[in-house]
file my_file.txt (compact mmCIF, C-alpha atoms)
# COMPACT_ATOMS: atom_id res chain seq x y z
CA MET A 1 131.98 35.33 131.55
CA GLU A 2 130.51 31.83 131.71
CA ALA A 3 128.79 30.39 134.76
CA ILE A 4 129.74 26.73 135.27
CA ALA A 5 127.93 26.40 138.62
CA LYS A 6 126.18 28.67 141.08
CA ASN A 7 128.65 31.45 141.97
CA VAL A 8 131.47 29.84 139.92
CA PHE A 9 132.56 31.45 136.65
CA ILE A 10 135.28 31.19 134.00
CA GLU A 11 136.49 33.75 131.47
CA ASP A 12 138.35 33.01 128.23
CA LYS A 13 138.29 36.35 126.41
CA TYR A 14 141.69 37.63 127.59
CA LEU A 15 144.96 36.53 126.01
CA GLY A 16 146.79 34.23 128.39
CA VAL A 17 144.93 31.63 130.41
CA THR A 18 141.39 30.67 131.38
CA LEU A 19 140.47 32.74 134.43
CA GLY A 20 138.25 31.62 137.29
CA VAL A 21 136.02 33.46 139.76
CA ILE A 22 134.41 32.00 142.87
CA ASN A 23 131.85 34.31 144.46
CA GLN A 24 131.86 33.82 148.25
CA PRO A 25 130.08 35.62 151.11
CA ARG A 26 133.34 37.35 152.08
CA GLY A 27 134.16 38.38 148.51
CA LEU A 28 135.73 37.04 145.33
CA VAL A 29 138.33 34.31 145.03
CA LEU A 30 140.13 34.83 141.70
CA LEU A 31 142.09 32.18 139.85
CA ASP A 32 144.99 33.58 137.82
CA ALA A 33 145.19 36.91 135.96
CA PRO A 34 145.69 37.98 132.34
CA PRO A 35 149.37 38.57 131.48
CA SER A 36 148.72 42.06 130.12
CA PRO A 37 148.53 44.57 133.00
CA GLU A 38 145.97 46.53 130.96
CA ASP A 39 143.79 43.44 130.57
CA SER A 40 144.18 42.74 134.29
CA ARG A 41 142.90 46.22 135.12
CA MET A 42 139.96 45.70 132.74
CA TRP A 43 139.27 42.30 134.33
CA ARG A 44 139.40 43.79 137.81
CA ALA A 45 137.03 46.59 136.79
CA SER A 46 134.57 44.09 135.28
CA LEU A 47 134.38 42.33 138.64
CA MET A 48 133.46 45.44 140.62
CA GLY A 49 130.10 45.09 142.28
CA MET A 50 129.99 41.37 141.60
CA GLY A 51 131.03 40.02 145.00
CA ASN A 52 128.80 39.45 148.00
CA GLY A 53 131.58 40.80 150.21
CA PRO A 54 134.37 43.37 149.85
CA GLU A 55 137.43 41.11 149.99
CA ARG A 56 139.50 39.87 147.06
CA LEU A 57 142.00 37.01 146.91
CA LEU A 58 144.06 35.83 143.92
CA ILE A 59 145.30 32.25 143.56
CA ASN A 60 148.12 31.49 141.12
CA LEU A 61 147.91 27.90 139.87
CA ASP A 62 151.63 27.91 139.05
CA SER A 63 154.46 30.35 138.28
CA HIS A 64 154.02 30.71 134.50
CA PRO A 65 154.13 34.34 133.28
CA ASP A 66 150.90 33.85 131.32
CA ARG A 67 149.05 33.64 134.65
CA THR A 68 151.26 35.69 136.98
CA LEU A 69 152.36 38.78 135.02
CA GLY A 70 149.10 40.61 135.68
CA ALA A 71 148.84 39.71 139.36
CA ARG A 72 150.05 43.09 140.65
CA ALA A 73 147.36 44.93 138.67
CA MET A 74 144.69 42.85 140.47
CA ASP A 75 145.67 44.68 143.68
CA CYS A 76 144.88 41.91 146.17
CA THR A 77 146.52 39.24 148.31
CA VAL A 78 148.13 36.42 146.30
CA ILE A 79 148.27 32.74 147.34
CA ALA A 80 150.40 30.07 145.65
CA HIS A 81 152.44 26.97 146.39
CA GLU A 82 155.74 27.42 148.23
CA ASN A 83 157.68 26.29 145.15
CA THR A 84 155.95 29.02 143.15
CA ALA A 85 156.94 31.52 145.84
CA GLN A 86 160.51 30.20 145.59
CA ALA A 87 160.48 30.69 141.82
CA PHE A 88 159.69 34.37 142.39
CA ARG A 89 162.55 34.67 144.87
CA ASN A 90 164.86 33.45 142.11
CA ARG A 91 163.59 36.05 139.63
CA PRO A 92 164.52 39.73 139.34
CA ASN A 93 161.92 42.01 140.94
CA THR A 94 160.95 43.32 137.51
CA PHE A 95 160.01 41.28 134.47
CA LYS A 96 161.38 42.54 131.16
CA ALA A 97 159.80 41.46 127.88
CA GLN A 98 162.96 40.16 126.23
CA GLY A 99 165.03 37.01 126.00
CA ASP A 100 164.22 33.54 124.71
CA GLU A 101 161.03 32.85 122.82
CA THR A 102 159.21 30.17 124.82
CA GLY A 103 155.97 29.91 122.82
CA ALA A 104 154.00 31.53 125.64
CA ASN A 105 150.97 33.74 125.03
CA TRP A 106 152.42 36.80 126.75
CA GLU A 107 155.02 37.04 123.97
CA ALA A 108 152.26 38.20 121.59
CA ILE A 109 151.47 41.26 123.73
CA PRO A 110 152.85 44.40 122.05
CA GLY A 111 154.70 47.00 124.10
CA LEU A 112 154.66 45.00 127.31
CA GLY A 113 157.88 46.56 128.60
CA SER A 114 158.84 46.11 132.26
CA VAL A 115 156.34 44.73 134.78
CA ARG A 116 156.82 44.36 138.53
CA TRP A 117 156.03 40.90 139.81
CA ALA A 118 153.56 40.35 142.65
CA PRO A 119 155.08 37.44 144.59
CA PRO A 120 152.69 35.33 146.70
CA GLU A 121 152.10 36.67 150.18
CA ILE A 122 150.71 33.35 151.41
CA SER A 123 152.16 29.97 150.43
CA PHE A 124 151.70 26.33 151.43
CA LEU A 125 153.29 22.93 150.82
CA ASP A 126 150.67 20.17 150.54
CA GLN A 127 147.18 21.52 151.10
CA LEU A 128 145.44 24.71 152.21
CA SER A 129 141.74 25.15 153.02
CA LEU A 130 140.05 28.49 152.45
CA HIS A 131 136.89 29.06 154.48
CA TRP A 132 135.05 32.03 153.03
CA SER A 133 131.70 30.23 153.17
CA ASP A 134 130.19 27.09 154.72
CA ALA A 135 131.85 25.00 151.99
CA PRO A 136 135.67 25.12 151.92
CA ILE A 137 137.84 25.78 148.87
CA LEU A 138 140.74 23.33 148.82
CA LEU A 139 144.15 24.12 147.35
CA GLU A 140 146.33 21.06 146.74
CA SER A 141 149.83 20.48 145.43
CA HIS A 142 149.89 18.48 142.18
CA PRO A 143 153.32 18.76 140.53
CA GLY A 144 153.39 18.57 136.77
CA PRO A 145 153.78 21.69 134.62
CA THR A 146 156.04 22.96 137.42
CA ARG A 147 156.95 21.73 140.90
CA GLY A 148 154.63 24.41 142.31
CA ALA A 149 151.54 23.52 140.25
CA ILE A 150 148.33 23.31 142.29
CA TRP A 151 144.65 22.49 141.85
CA VAL A 152 141.73 24.41 143.32
CA ILE A 153 138.99 22.00 144.34
CA LEU A 154 135.36 22.81 145.14
CA PRO A 155 134.02 19.60 146.74
CA GLN A 156 130.44 20.85 147.10
CA GLU A 157 130.13 22.01 143.48
CA LYS A 158 132.30 19.09 142.24
CA ILE A 159 134.59 21.35 140.23
CA VAL A 160 138.38 21.19 140.03
CA PHE A 161 140.56 23.88 138.42
CA VAL A 162 143.76 22.20 137.25
CA GLY A 163 145.72 24.96 135.49
CA ASP A 164 148.20 23.60 132.94
CA THR A 165 147.81 20.00 134.14
CA VAL A 166 145.44 19.73 131.17
CA MET A 167 145.96 21.87 128.08
CA LYS A 168 143.22 21.56 125.50
CA GLY A 169 144.39 21.36 121.89
CA GLN A 170 147.87 22.78 122.46
CA PRO A 171 151.30 21.49 123.43
CA PRO A 172 152.47 21.57 127.05
CA PHE A 173 155.20 23.74 128.50
CA LEU A 174 158.04 21.32 129.26
CA ALA A 175 160.98 23.50 130.31
CA TYR A 176 160.27 23.21 134.06
CA ALA A 177 157.99 20.17 133.95
CA ASP A 178 158.00 17.17 136.26
CA LEU A 179 156.77 14.65 133.68
CA PRO A 180 156.38 11.60 135.97
CA GLY A 181 154.48 13.76 138.48
CA TRP A 182 152.39 15.25 135.67
CA ILE A 183 151.40 11.83 134.33
CA GLU A 184 150.54 10.69 137.86
CA SER A 185 148.34 13.77 138.38
CA LEU A 186 146.45 13.05 135.16
CA GLY A 187 145.88 9.47 136.32
CA LEU A 188 144.45 10.82 139.57
CA LEU A 189 142.09 13.10 137.65
CA LEU A 190 140.80 10.17 135.62
CA SER A 191 140.39 7.85 138.59
CA SER A 192 139.28 10.09 141.48
CA TYR A 193 137.50 13.04 139.82
CA LYS A 194 135.13 11.20 137.47
CA SER A 195 132.11 13.09 138.81
CA TYR A 196 133.83 16.50 138.71
CA SER A 197 133.86 19.20 136.08
CA VAL A 198 137.55 19.63 135.23
CA VAL A 199 138.58 23.16 134.24
CA SER A 200 141.75 23.50 132.19
CA GLY A 201 143.82 26.64 132.62
CA ARG A 202 143.92 26.85 128.84
CA GLY A 203 140.61 25.83 127.34
CA GLY A 204 137.94 25.76 130.04
CA VAL A 205 135.93 22.65 130.94
CA VAL A 206 137.43 19.49 129.41
CA THR A 207 136.22 15.94 128.89
CA PRO A 208 137.83 12.75 130.25
CA GLN A 209 139.00 11.99 126.69
CA VAL A 210 141.00 15.24 126.60
CA ILE A 211 142.63 14.27 129.91
CA LYS A 212 143.40 10.76 128.66
CA THR A 213 144.90 12.13 125.43
CA GLN A 214 147.10 14.52 127.42
CA ALA A 215 148.40 11.63 129.53
CA GLU A 216 149.18 9.55 126.45
CA VAL A 217 151.06 12.41 124.77
CA LEU A 218 153.11 13.18 127.88
CA LYS A 219 154.01 9.52 128.32
CA ARG A 220 155.23 9.32 124.71
CA MET A 221 157.27 12.47 125.23
CA HIS A 222 158.79 11.16 128.45
CA ASP A 223 159.61 7.77 126.92
CA ARG A 224 161.32 9.34 123.89
CA LEU A 225 163.34 11.80 125.98
CA ASP A 226 164.31 9.09 128.46
CA LYS A 227 165.49 6.86 125.64
CA LEU A 228 167.65 9.68 124.26
CA GLY A 229 168.99 10.41 127.73
CA LYS A 230 169.99 6.82 128.40
CA LYS A 231 171.84 6.74 125.07
CA LYS A 232 173.50 10.06 125.97
CA SER A 233 172.23 11.54 122.72
CA SER A 234 172.97 15.16 121.86
CA ILE A 235 170.73 18.04 122.87
CA ALA A 236 170.06 18.62 119.17
CA ALA A 237 168.43 15.16 119.01
CA ALA A 238 165.92 16.24 121.65
CA ASP A 239 165.26 19.52 119.85
CA LYS A 240 164.38 17.63 116.68
CA LEU A 241 161.49 15.87 118.43
CA ALA A 242 159.48 19.11 118.33
CA ASP A 243 158.26 18.67 114.76
CA GLN A 244 157.23 15.09 115.47
CA PHE A 245 155.30 15.94 118.61
CA LEU A 246 153.59 18.93 116.99
CA LYS A 247 151.61 16.42 114.90
CA ASP A 248 149.85 15.29 118.11
CA PHE A 249 148.04 18.65 118.25
CA LYS A 250 145.52 19.94 115.76
CA ALA A 251 146.94 23.43 115.88
CA PRO A 252 145.39 26.13 113.67
CA ALA A 253 147.71 27.51 111.00
CA ALA A 254 148.09 30.80 112.88
CA ARG A 255 149.45 28.93 115.93
CA GLN A 256 151.79 26.48 114.20
CA LYS A 257 154.91 28.62 114.59
CA GLN A 258 154.17 29.50 118.23
CA TYR A 259 153.45 25.90 119.21
CA ALA A 260 156.51 24.56 117.40
CA GLN A 261 158.68 27.06 119.27
CA ARG A 262 157.01 26.11 122.56
CA LEU A 263 157.92 22.48 121.99
CA ARG A 264 161.48 23.22 120.85
CA TYR A 265 162.16 25.45 123.85
CA GLY A 266 160.55 23.04 126.29
CA LEU A 267 162.19 19.87 124.96
CA HIS A 268 165.60 21.55 124.92
CA HIS A 269 165.44 22.79 128.50
CA PHE A 270 163.79 19.65 129.88
CA TYR A 271 166.49 17.48 128.30
CA VAL A 272 169.34 19.65 129.52
CA ARG A 273 167.89 19.88 133.02
CA ASN A 274 167.26 16.15 133.42
CA TYR A 275 170.02 14.44 131.45
CA PHE A 276 173.06 16.68 131.76
CA SER A 277 174.40 16.49 135.30
CA SER A 278 176.23 19.83 135.06
CA SER A 279 172.85 21.56 134.58
CA ARG A 280 170.87 19.82 137.31
CA HIS A 281 171.72 22.56 139.79
CA LEU A 282 169.43 24.93 137.88
CA MET A 283 166.33 25.80 139.89
CA ASP A 284 162.97 24.68 138.57
CA GLU A 285 160.26 27.25 138.21

call {"tool": "encode", "arguments": {"input": "my_file.txt", "output": "structure tokens"}}
result
Amino acid sequence: MEAIAKNVFIEDKYLGVTLGVINQPRGLVLLDAPPSPEDSRMWRASLMGMGNGPERLLINLDSHPDRTLGARAMDCTVIAHENTAQAFRNRPNTFKAQGDETGANWEAIPGLGSVRWAPPEISFLDQLSLHWSDAPILLESHPGPTRGAIWVILPQEKIVFVGDTVMKGQPPFLAYADLPGWIESLGLLLSSYKSYSVVSGRGGVVTPQVIKTQAEVLKRMHDRLDKLGKKKSSIAAADKLADQFLKDFKAPAARQKQYAQRLRYGLHHFYVRNYFSSSRHLMDE
């Protein structure tokens, strides 16, 4: 576990996403959970005795399985955006490790089997303030990776946790993305959070250059997909963009196949959802 400020920590050792911990007088505020229930139980055990108070609260930064599959094993109240809560209402009660390969990290977990979701018990639309100490923790809606994506902002410590808004050295998940909203959120990070430490949900603390690069890549992706959509090009034409976009990321050899699949899956579903009217009724995650 790495301390990035007094009473603020991140953890990258578990498969899935970068986890966050904010130690408050009332207890621990946790950001996301490992996708493996076993890892979540280990993570929860490692936090025992750490908090100043007895309470625990888990914040999901969006609805992606990499950060929500292990929520039930954390055994505490869950907060998320209302659109994330809606995504859970549209899912079966139990997750089953089968179906399409999306290029997510949870797909590398052996023997995952069936896992019961832990839907958020508290949700909000625009902003929520958590007062567990003299300094509030702010939760804000910032659509991008999904419509329910949020940031957790610590104004006193000048830290902002942005989830998948910034993904260091790896391709984004596009299947449920709001690309214009995502690009706008990255612009806000660059303009209004210059003095903040920005914590990616996949990679930890990132530099302004990483944020700028992410914005440039997403804009190229959006422009190419929009051009195909306006020409009414086939879905296969969108799928073929995956190999081109993979070159934007310096992926290690061991990740090439996973990242290529992530892009293919995401480009396919984004294109169908946004440029084929018969599919626009599909709910976003």

call {"tool": "residues_near_point", "arguments": {"input": "my_file.txt", "point": "(132.9, 36.5, 134.4)", "cutoff": "6 Å", "atoms": "all atoms listed in the file", "output": "PyMOL selection string"}}
result
chain A and resi 1-2+9-11

call {"tool": "write_last_selection", "arguments": {"input": "my_file.txt", "atoms": "C-alpha atoms", "output": "CSV table (one decimal), in the frame of the given file"}}
result
chain,number,residue,atom,x,y,z
A,1,MET,CA,132.0,35.3,131.6
A,2,GLU,CA,130.5,31.8,131.7
A,9,PHE,CA,132.6,31.4,136.6
A,10,ILE,CA,135.3,31.2,134.0
A,11,GLU,CA,136.5,33.8,131.5

call {"tool": "closest_atom_pairs", "arguments": {"input": "my_file.txt", "of": "range 156-230 of chain A", "to": "range 123-147 of chain A", "cutoff": "10 Å", "atoms": "all atoms listed in the file", "output": "JSON lines"}}
result
{"residue": "A:Gln156", "atom": "CA", "partner": "A:Ala135", "partner_atom": "CA", "distance": 6.6}
{"residue": "A:Glu157", "atom": "CA", "partner": "A:Ala135", "partner_atom": "CA", "distance": 9.2}
{"residue": "A:Val160", "atom": "CA", "partner": "A:Leu138", "partner_atom": "CA", "distance": 9.3}
{"residue": "A:Phe161", "atom": "CA", "partner": "A:Leu139", "partner_atom": "CA", "distance": 9.6}
{"residue": "A:Val162", "atom": "CA", "partner": "A:His142", "partner_atom": "CA", "distance": 8.7}
{"residue": "A:Gly163", "atom": "CA", "partner": "A:Pro145", "partner_atom": "CA", "distance": 8.7}
{"residue": "A:Asp164", "atom": "CA", "partner": "A:Pro145", "partner_atom": "CA", "distance": 6.1}
{"residue": "A:Thr165", "atom": "CA", "partner": "A:Pro145", "partner_atom": "CA", "distance": 6.2}
{"residue": "A:Val166", "atom": "CA", "partner": "A:Pro145", "partner_atom": "CA", "distance": 9.2}
{"residue": "A:Pro172", "atom": "CA", "partner": "A:Pro145", "partner_atom": "CA", "distance": 7.7}
{"residue": "A:Phe173", "atom": "CA", "partner": "A:Pro145", "partner_atom": "CA", "distance": 6.6}
{"residue": "A:Leu174", "atom": "CA", "partner": "A:Pro145", "partner_atom": "CA", "distance": 6.9}
{"residue": "A:Ala175", "atom": "CA", "partner": "A:Pro145", "partner_atom": "CA", "distance": 8.6}
{"residue": "A:Tyr176", "atom": "CA", "partner": "A:Thr146", "partner_atom": "CA", "distance": 5.4}
{"residue": "A:Ala177", "atom": "CA", "partner": "A:Pro145", "partner_atom": "CA", "distance": 4.5}
{"residue": "A:Asp178", "atom": "CA", "partner": "A:Gly144", "partner_atom": "CA", "distance": 4.8}
{"residue": "A:Leu179", "atom": "CA", "partner": "A:Gly144", "partner_atom": "CA", "distance": 6.0}
{"residue": "A:Pro180", "atom": "CA", "partner": "A:Gly144", "partner_atom": "CA", "distance": 7.6}
{"residue": "A:Gly181", "atom": "CA", "partner": "A:Gly144", "partner_atom": "CA", "distance": 5.2}
{"residue": "A:Trp182", "atom": "CA", "partner": "A:Gly144", "partner_atom": "CA", "distance": 3.6}
{"residue": "A:Ile183", "atom": "CA", "partner": "A:Gly144", "partner_atom": "CA", "distance": 7.4}
{"residue": "A:Glu184", "atom": "CA", "partner": "A:Gly144", "partner_atom": "CA", "distance": 8.5}
{"residue": "A:Ser185", "atom": "CA", "partner": "A:His142", "partner_atom": "CA", "distance": 6.2}
{"residue": "A:Leu186", "atom": "CA", "partner": "A:Gly144", "partner_atom": "CA", "distance": 9.0}
{"residue": "A:Leu188", "atom": "CA", "partner": "A:His142", "partner_atom": "CA", "distance": 9.8}

call {"tool": "axis_aligned_box", "arguments": {"input": "my_file.txt", "around": "range 168-177 of chain A", "padding_each_side": "8 Å", "output": "JSON"}}
result
{"center_x": 152.1, "center_y": 22.0, "center_z": 128.0, "size_x": 33.8, "size_y": 19.6, "size_z": 28.2}

call {"tool": "closest_residue", "arguments": {"input": "my_file.txt", "among": "A:His268, A:Arg56, A:Arg273, A:Arg116", "to": "Val78 in chain A", "atoms": "only C-alpha atoms"}}
result
A:Arg56

call {"tool": "atom_distance", "arguments": {"input": "my_file.txt", "atom1": "CA of Leu31 in chain A", "atom2": "CA of Asn93 in chain A"}}
result
22.2 Å

call {"tool": "closest_residue", "arguments": {"input": "my_file.txt", "among": "A:Gly201, A:Gly187, A:Pro119, A:Gly169", "to": "Trp151 in chain A", "atoms": "all atoms listed in the file"}}
result
A:Gly201

call {"tool": "residues_around", "arguments": {"input": "my_file.txt", "residues": "range 38-46 of chain A", "least_positions_apart": "6", "cutoff": "12 Å", "atoms": "only C-alpha atoms", "output": "ChimeraX atom specification"}}
result
/A:1,10-17,19-21,28-32,56-58,66-76,106,109-112,115

call {"tool": "closest_residue", "arguments": {"input": "my_file.txt", "among": "A:Ile59, A:Leu263, A:Val272, A:Ile150", "to": "Ser233 in chain A", "atoms": "all atoms listed in the file"}}
result
A:Val272

call {"tool": "residues_around", "arguments": {"input": "my_file.txt", "residues": "Thr94 in chain A", "least_positions_apart": "2", "cutoff": "10 Å", "atoms": "all atoms listed in the file", "output": "count of residues only"}}
result
10

call {"tool": "atom_distance", "arguments": {"input": "my_file.txt", "atom1": "CA of Ile159 in chain A", "atom2": "CA of Tyr196 in chain A"}}
result
5.1 Å
